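One structure is given below, encoded as structure tokens.
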Amino acid sequence: MVHAGTLRTGFDETCEAIFMTSGYVYGSAEEAEAAFATDGLRYVYSRFRNPTVAMFEDRLAAYEGAERCFATGSGMAAVFAALMCQLKAGDRIVAPRALFGSCLHIVKNLAPQYGIETTLVDGTRAEEWREALGRPANVVFLETPSNPMLDIVDLGLVCELAHAAGARVVVDNVFATPVLQRPLEFGADIVVYSATKHIDGQGRCLGGAILCDNKFAEVLGPFLRHTGPALSPFNAWLLLKGLETMDLRVAAQTDAARRIAEFLEGHGKIARTLYPGLESHPQYELAQRQMGGGSTLIAFDVAGGKAEAFRLMNGLRIVRISNNLGDSKSLITHPATSTHQKLTDEDKAAVGISPASIRLSVGLEDAADLIEDLDQALARASFALI
């Protein structure tokens, strides 16, 4: 996380250099010819490769335990590329209904436009996975924990079923981070991240990452090269700096999230608290086997509905309203009207999102201060008591 992938110039700098360049020069026409003939052995254009971006890719790959990493300009660019580089008309995707809104849009709405079939399941129900993967498939795409209601998918089981059906498994590991969960160790083939979240962790930049083996890289590499979702060298440098402290930040945020979840679970104005580190979570035992902690995210329902949820959010003094997550600042959002607003009421209900649902991303503030902030907002707001 601190040293892997570092490239130094002749100046022997301690902090990684930012190579803000679109192209590179050659000593001769013959050298340029050789550079393109031996594609990938040297830098020819920053849409293809860039030294700062390569440092970020190599460092994250080393930490994840992957053979290759490809950086993209955003997390959604990473998701789209990881899926579409390997799919064609007539293929089939299997995915849980509990996905981030834009991810669900890709598999439910965009993929069928290209002649790709999508089968949606309840990701927490093994029997639905068995039924969906009882016939051939090409890709399984999932989040665990899911955004925003923190469903846990059994990675080992799904990977086994998917491979038997002929499918590769793509896991969005944003909520768990590589600090708390390693999908490749459970049989996943590809892992994707919105590096905007915990990897940067300070609300500064967009970025994405796809981690895979060398064989899949042969499929993914040309797709990225020719479609161009390249990561900015400056953003790559910020993400490199983020990786240096991610382990420390996620550990502190996860510990604080557990304490806050315990507070919320015991509060009379909270109707439901969902946190993988609480024994009350429906997949608590699976989370204990699969994850190294309960995540930095908490989902909960206030007593009442949308009006009560808004009162709580508007009454907070430290926690800020934002649709981002994984930040050093604690952020809160109302999924039904923001990140998942475009879902139908039926789709929201199917994944447990109600008008009373709130997602809290715990930052680096003192946990006691955050609990006090939530407590005062709950006390001041008018709620329908349960």
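Chain identifiers are assigned as A, B, and so on, following the order in which chains appear in the structure tokens; residues are numbered from 1 within each chain, and ligands are numbered from 1 in order of appearance.
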
Would you list, as a VMD selection string, the residues of region 170-338 of chain A that end up in strand (DSSP E) under DSSP run on this structure's backbone? chain A and resid 170 to 172 190 to 194 208 to 212 270 to 274 297 to 302 320 to 321 331 to 333

With N, CA and C atoms retained, could you export that selection as a compact mmCIF listing (two decimals), in the first residue's frame?
# COMPACT_ATOMS: atom_id res chain seq x y z
N VAL A 170 -18.07 -11.31 -11.85
CA VAL A 170 -17.58 -9.94 -11.65
C VAL A 170 -18.18 -9.43 -10.35
N VAL A 171 -17.32 -9.02 -9.41
CA VAL A 171 -17.78 -8.56 -8.10
C VAL A 171 -17.44 -7.09 -7.91
N ASP A 172 -18.47 -6.29 -7.63
CA ASP A 172 -18.28 -4.91 -7.20
C ASP A 172 -18.02 -4.94 -5.70
N ILE A 190 -13.19 -11.41 -11.60
CA ILE A 190 -12.90 -9.99 -11.81
C ILE A 190 -13.47 -9.21 -10.63
N VAL A 191 -12.72 -8.22 -10.17
CA VAL A 191 -13.18 -7.33 -9.09
C VAL A 191 -13.15 -5.91 -9.62
N VAL A 192 -14.22 -5.15 -9.36
CA VAL A 192 -14.27 -3.76 -9.79
C VAL A 192 -14.46 -2.84 -8.59
N TYR A 193 -13.93 -1.62 -8.74
CA TYR A 193 -14.04 -0.60 -7.69
C TYR A 193 -14.39 0.75 -8.30
N SER A 194 -15.18 1.49 -7.56
CA SER A 194 -15.19 2.93 -7.72
C SER A 194 -14.10 3.44 -6.79
N GLY A 208 -11.77 4.64 -11.23
CA GLY A 208 -12.25 3.28 -11.14
C GLY A 208 -11.12 2.30 -11.36
N ALA A 209 -11.37 1.02 -11.05
CA ALA A 209 -10.34 0.00 -11.22
C ALA A 209 -10.99 -1.34 -11.51
N ILE A 210 -10.33 -2.11 -12.37
CA ILE A 210 -10.74 -3.48 -12.70
C ILE A 210 -9.55 -4.38 -12.44
N LEU A 211 -9.74 -5.41 -11.61
CA LEU A 211 -8.68 -6.35 -11.28
C LEU A 211 -9.02 -7.72 -11.83
N CYS A 212 -8.02 -8.38 -12.42
CA CYS A 212 -8.29 -9.63 -13.12
C CYS A 212 -7.00 -10.41 -13.32
N ILE A 270 -35.76 4.50 15.71
CA ILE A 270 -35.22 3.79 14.55
C ILE A 270 -35.95 2.46 14.43
N ALA A 271 -36.61 2.25 13.29
CA ALA A 271 -37.43 1.06 13.11
C ALA A 271 -36.61 -0.17 12.72
N ARG A 272 -35.49 0.04 12.02
CA ARG A 272 -34.69 -1.09 11.55
C ARG A 272 -33.27 -0.61 11.31
N THR A 273 -32.29 -1.40 11.75
CA THR A 273 -30.88 -1.10 11.51
C THR A 273 -30.24 -2.29 10.80
N LEU A 274 -29.56 -2.02 9.70
CA LEU A 274 -28.89 -3.07 8.93
C LEU A 274 -27.39 -2.78 8.89
N LEU A 297 -20.38 1.36 6.11
CA LEU A 297 -21.73 1.82 5.77
C LEU A 297 -22.77 1.22 6.71
N ILE A 298 -23.79 1.99 7.00
CA ILE A 298 -24.94 1.54 7.80
C ILE A 298 -26.20 1.92 7.04
N ALA A 299 -27.17 1.03 7.01
CA ALA A 299 -28.50 1.36 6.48
C ALA A 299 -29.50 1.27 7.63
N PHE A 300 -30.44 2.20 7.66
CA PHE A 300 -31.46 2.13 8.72
C PHE A 300 -32.74 2.82 8.25
N ASP A 301 -33.85 2.41 8.86
CA ASP A 301 -35.15 3.02 8.61
C ASP A 301 -35.56 3.79 9.84
N VAL A 302 -35.97 5.02 9.65
CA VAL A 302 -36.51 5.78 10.78
C VAL A 302 -37.96 5.36 10.98
N ARG A 320 -22.96 15.31 6.89
CA ARG A 320 -23.43 16.09 5.74
C ARG A 320 -24.26 15.25 4.79
N ILE A 321 -25.21 15.88 4.12
CA ILE A 321 -26.04 15.21 3.13
C ILE A 321 -25.28 15.16 1.81
N LEU A 331 -21.18 11.03 5.69
CA LEU A 331 -22.15 11.49 4.70
C LEU A 331 -23.42 10.65 4.80
N ILE A 332 -24.55 11.29 4.59
CA ILE A 332 -25.83 10.60 4.71
C ILE A 332 -26.67 10.88 3.48
N THR A 333 -27.43 9.88 3.05
CA THR A 333 -28.26 10.05 1.87
C THR A 333 -29.57 9.30 2.03

List every residue of region 71-149 of chain A that DSSP, applied to the backbone of this structure, assigns to helix (DSSP H, G or I), and report them as a ChimeraX atom specification. /A:75-84,101-113,126-132

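Here the question is which of A:Glu117, A:Glu143, A:Glu128, A:Asp375 gets nearest to Gly266 (chain A) using only C-alpha atoms, and that residue is A:Asp375.
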
Selected residue of minimal separation from Lys342 (chain A) among A:Gly101, A:Leu60, A:Leu83, A:Val94, counting only C-alpha atoms: A:Gly101

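Shortest separation to Met84 (chain A) among A:Tyr63, A:Tyr114, A:Tyr284, A:Phe186 occurs at residue A:Tyr114, atoms counted being only C-alpha atoms.
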
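Residues in contact range of Gly363 (chain A), defined as at most 10 Å between only C-alpha atoms, with sequence neighbours fewer than 4 positions away removed, read Gly201, Gln202, Arg249, Val250, Ala252, Gln253, Thr254, Ala256, Ala257, Thr296, Leu297, Val319, Leu325, Gly326, Asp327, Ser328, Lys329, Ser330, Leu331, Ala367 and Leu370 of chain A.
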
Just write the chosen residues, N, CA and C atoms, as a PDB file, in the first residue's frame.
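The resulting again-v1.pdb:
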ATOM      1  N   GLY A 201     -10.939   8.281  -0.768  1.00  0.00           N
ATOM      2  CA  GLY A 201     -11.354   8.413   0.626  1.00  0.00           C
ATOM      3  C   GLY A 201     -11.425   9.821   1.157  1.00  0.00           C
ATOM      4  N   GLN A 202     -11.218  10.827   0.291  1.00  0.00           N
ATOM      5  CA  GLN A 202     -11.222  12.195   0.792  1.00  0.00           C
ATOM      6  C   GLN A 202     -12.011  13.137  -0.111  1.00  0.00           C
ATOM      7  N   ARG A 249      -7.635   4.078   7.457  1.00  0.00           N
ATOM      8  CA  ARG A 249      -8.919   4.766   7.429  1.00  0.00           C
ATOM      9  C   ARG A 249     -10.077   3.790   7.526  1.00  0.00           C
ATOM     10  N   VAL A 250     -10.042   2.736   6.729  1.00  0.00           N
ATOM     11  CA  VAL A 250     -11.154   1.778   6.729  1.00  0.00           C
ATOM     12  C   VAL A 250     -11.285   1.090   8.086  1.00  0.00           C
ATOM     13  N   ALA A 252     -10.508   2.349  11.040  1.00  0.00           N
ATOM     14  CA  ALA A 252     -11.094   3.305  11.984  1.00  0.00           C
ATOM     15  C   ALA A 252     -12.574   3.547  11.678  1.00  0.00           C
ATOM     16  N   GLN A 253     -12.914   3.665  10.409  1.00  0.00           N
ATOM     17  CA  GLN A 253     -14.297   3.916  10.032  1.00  0.00           C
ATOM     18  C   GLN A 253     -15.189   2.716  10.345  1.00  0.00           C
ATOM     19  N   THR A 254     -14.658   1.521  10.153  1.00  0.00           N
ATOM     20  CA  THR A 254     -15.433   0.314  10.444  1.00  0.00           C
ATOM     21  C   THR A 254     -15.699   0.185  11.939  1.00  0.00           C
ATOM     22  N   ALA A 256     -15.882   2.657  14.078  1.00  0.00           N
ATOM     23  CA  ALA A 256     -16.872   3.680  14.426  1.00  0.00           C
ATOM     24  C   ALA A 256     -18.261   3.289  13.926  1.00  0.00           C
ATOM     25  N   ALA A 257     -18.338   2.703  12.733  1.00  0.00           N
ATOM     26  CA  ALA A 257     -19.634   2.300  12.178  1.00  0.00           C
ATOM     27  C   ALA A 257     -20.306   1.266  13.069  1.00  0.00           C
ATOM     28  N   THR A 296     -17.995   0.203   6.402  1.00  0.00           N
ATOM     29  CA  THR A 296     -18.067   1.585   6.889  1.00  0.00           C
ATOM     30  C   THR A 296     -19.463   2.172   6.675  1.00  0.00           C
ATOM     31  N   LEU A 297     -20.383   1.363   6.112  1.00  0.00           N
ATOM     32  CA  LEU A 297     -21.727   1.823   5.773  1.00  0.00           C
ATOM     33  C   LEU A 297     -22.766   1.220   6.708  1.00  0.00           C
ATOM     34  N   VAL A 319     -22.735  15.441  10.373  1.00  0.00           N
ATOM     35  CA  VAL A 319     -22.916  14.584   9.197  1.00  0.00           C
ATOM     36  C   VAL A 319     -23.541  15.409   8.079  1.00  0.00           C
ATOM     37  N   LEU A 325     -19.851   8.289  -0.791  1.00  0.00           N
ATOM     38  CA  LEU A 325     -19.577   7.432   0.370  1.00  0.00           C
ATOM     39  C   LEU A 325     -18.086   7.122   0.431  1.00  0.00           C
ATOM     40  N   GLY A 326     -17.671   6.523   1.538  1.00  0.00           N
ATOM     41  CA  GLY A 326     -16.268   6.167   1.692  1.00  0.00           C
ATOM     42  C   GLY A 326     -15.359   7.352   1.946  1.00  0.00           C
ATOM     43  N   ASP A 327     -15.909   8.482   2.318  1.00  0.00           N
ATOM     44  CA  ASP A 327     -15.167   9.726   2.514  1.00  0.00           C
ATOM     45  C   ASP A 327     -14.666   9.825   3.953  1.00  0.00           C
ATOM     46  N   SER A 328     -13.658  10.675   4.172  1.00  0.00           N
ATOM     47  CA  SER A 328     -13.203  10.931   5.539  1.00  0.00           C
ATOM     48  C   SER A 328     -14.250  11.705   6.327  1.00  0.00           C
ATOM     49  N   LYS A 329     -15.184  12.335   5.624  1.00  0.00           N
ATOM     50  CA  LYS A 329     -16.297  13.033   6.264  1.00  0.00           C
ATOM     51  C   LYS A 329     -17.519  12.113   6.257  1.00  0.00           C
ATOM     52  N   SER A 330     -18.267  12.087   7.328  1.00  0.00           N
ATOM     53  CA  SER A 330     -19.476  11.273   7.387  1.00  0.00           C
ATOM     54  C   SER A 330     -20.556  11.888   6.505  1.00  0.00           C
ATOM     55  N   LEU A 331     -21.182  11.032   5.693  1.00  0.00           N
ATOM     56  CA  LEU A 331     -22.153  11.485   4.698  1.00  0.00           C
ATOM     57  C   LEU A 331     -23.419  10.647   4.803  1.00  0.00           C
ATOM     58  N   ALA A 367     -16.302   8.822  16.909  1.00  0.00           N
ATOM     59  CA  ALA A 367     -17.575   8.096  16.931  1.00  0.00           C
ATOM     60  C   ALA A 367     -18.541   8.680  17.952  1.00  0.00           C
ATOM     61  N   LEU A 370     -20.275  11.644  16.479  1.00  0.00           N
ATOM     62  CA  LEU A 370     -21.280  11.267  15.491  1.00  0.00           C
ATOM     63  C   LEU A 370     -22.541  10.725  16.160  1.00  0.00           C
TER      64      LEU A 370
END

Distance table requested - region 121-232 of chain A against region 239-247 of chain A, cut-off 8 Å, only C-alpha atoms: one row per qualifying residue with the closest atom pair and its distance in Å to one decimal, ordered by chain and rising residue number, as a tab-separated table.
residue	atom	partner	partner_atom	distance
A:Val179	CA	A:Asp247	CA	6.0
A:Ala195	CA	A:Leu239	CA	7.3
A:His198	CA	A:Met246	CA	6.7
A:Ile199	CA	A:Gly242	CA	5.4
A:Asp200	CA	A:Gly242	CA	4.5
A:Gly201	CA	A:Gly242	CA	6.5
A:Gln202	CA	A:Gly242	CA	7.9
A:Gly207	CA	A:Leu239	CA	7.9

Within 7 Å of Cys85 (chain A) using only C-alpha atoms, minus same-chain residues under 6 positions, as a list in words: Val219, Leu220 and Phe223 of chain A

What lies within 8 Å of region 47-49 of chain A using only C-alpha atoms, ignoring chain neighbours under 6 positions off, as a ChimeraX atom specification? /A:22,40,224-225,228-230
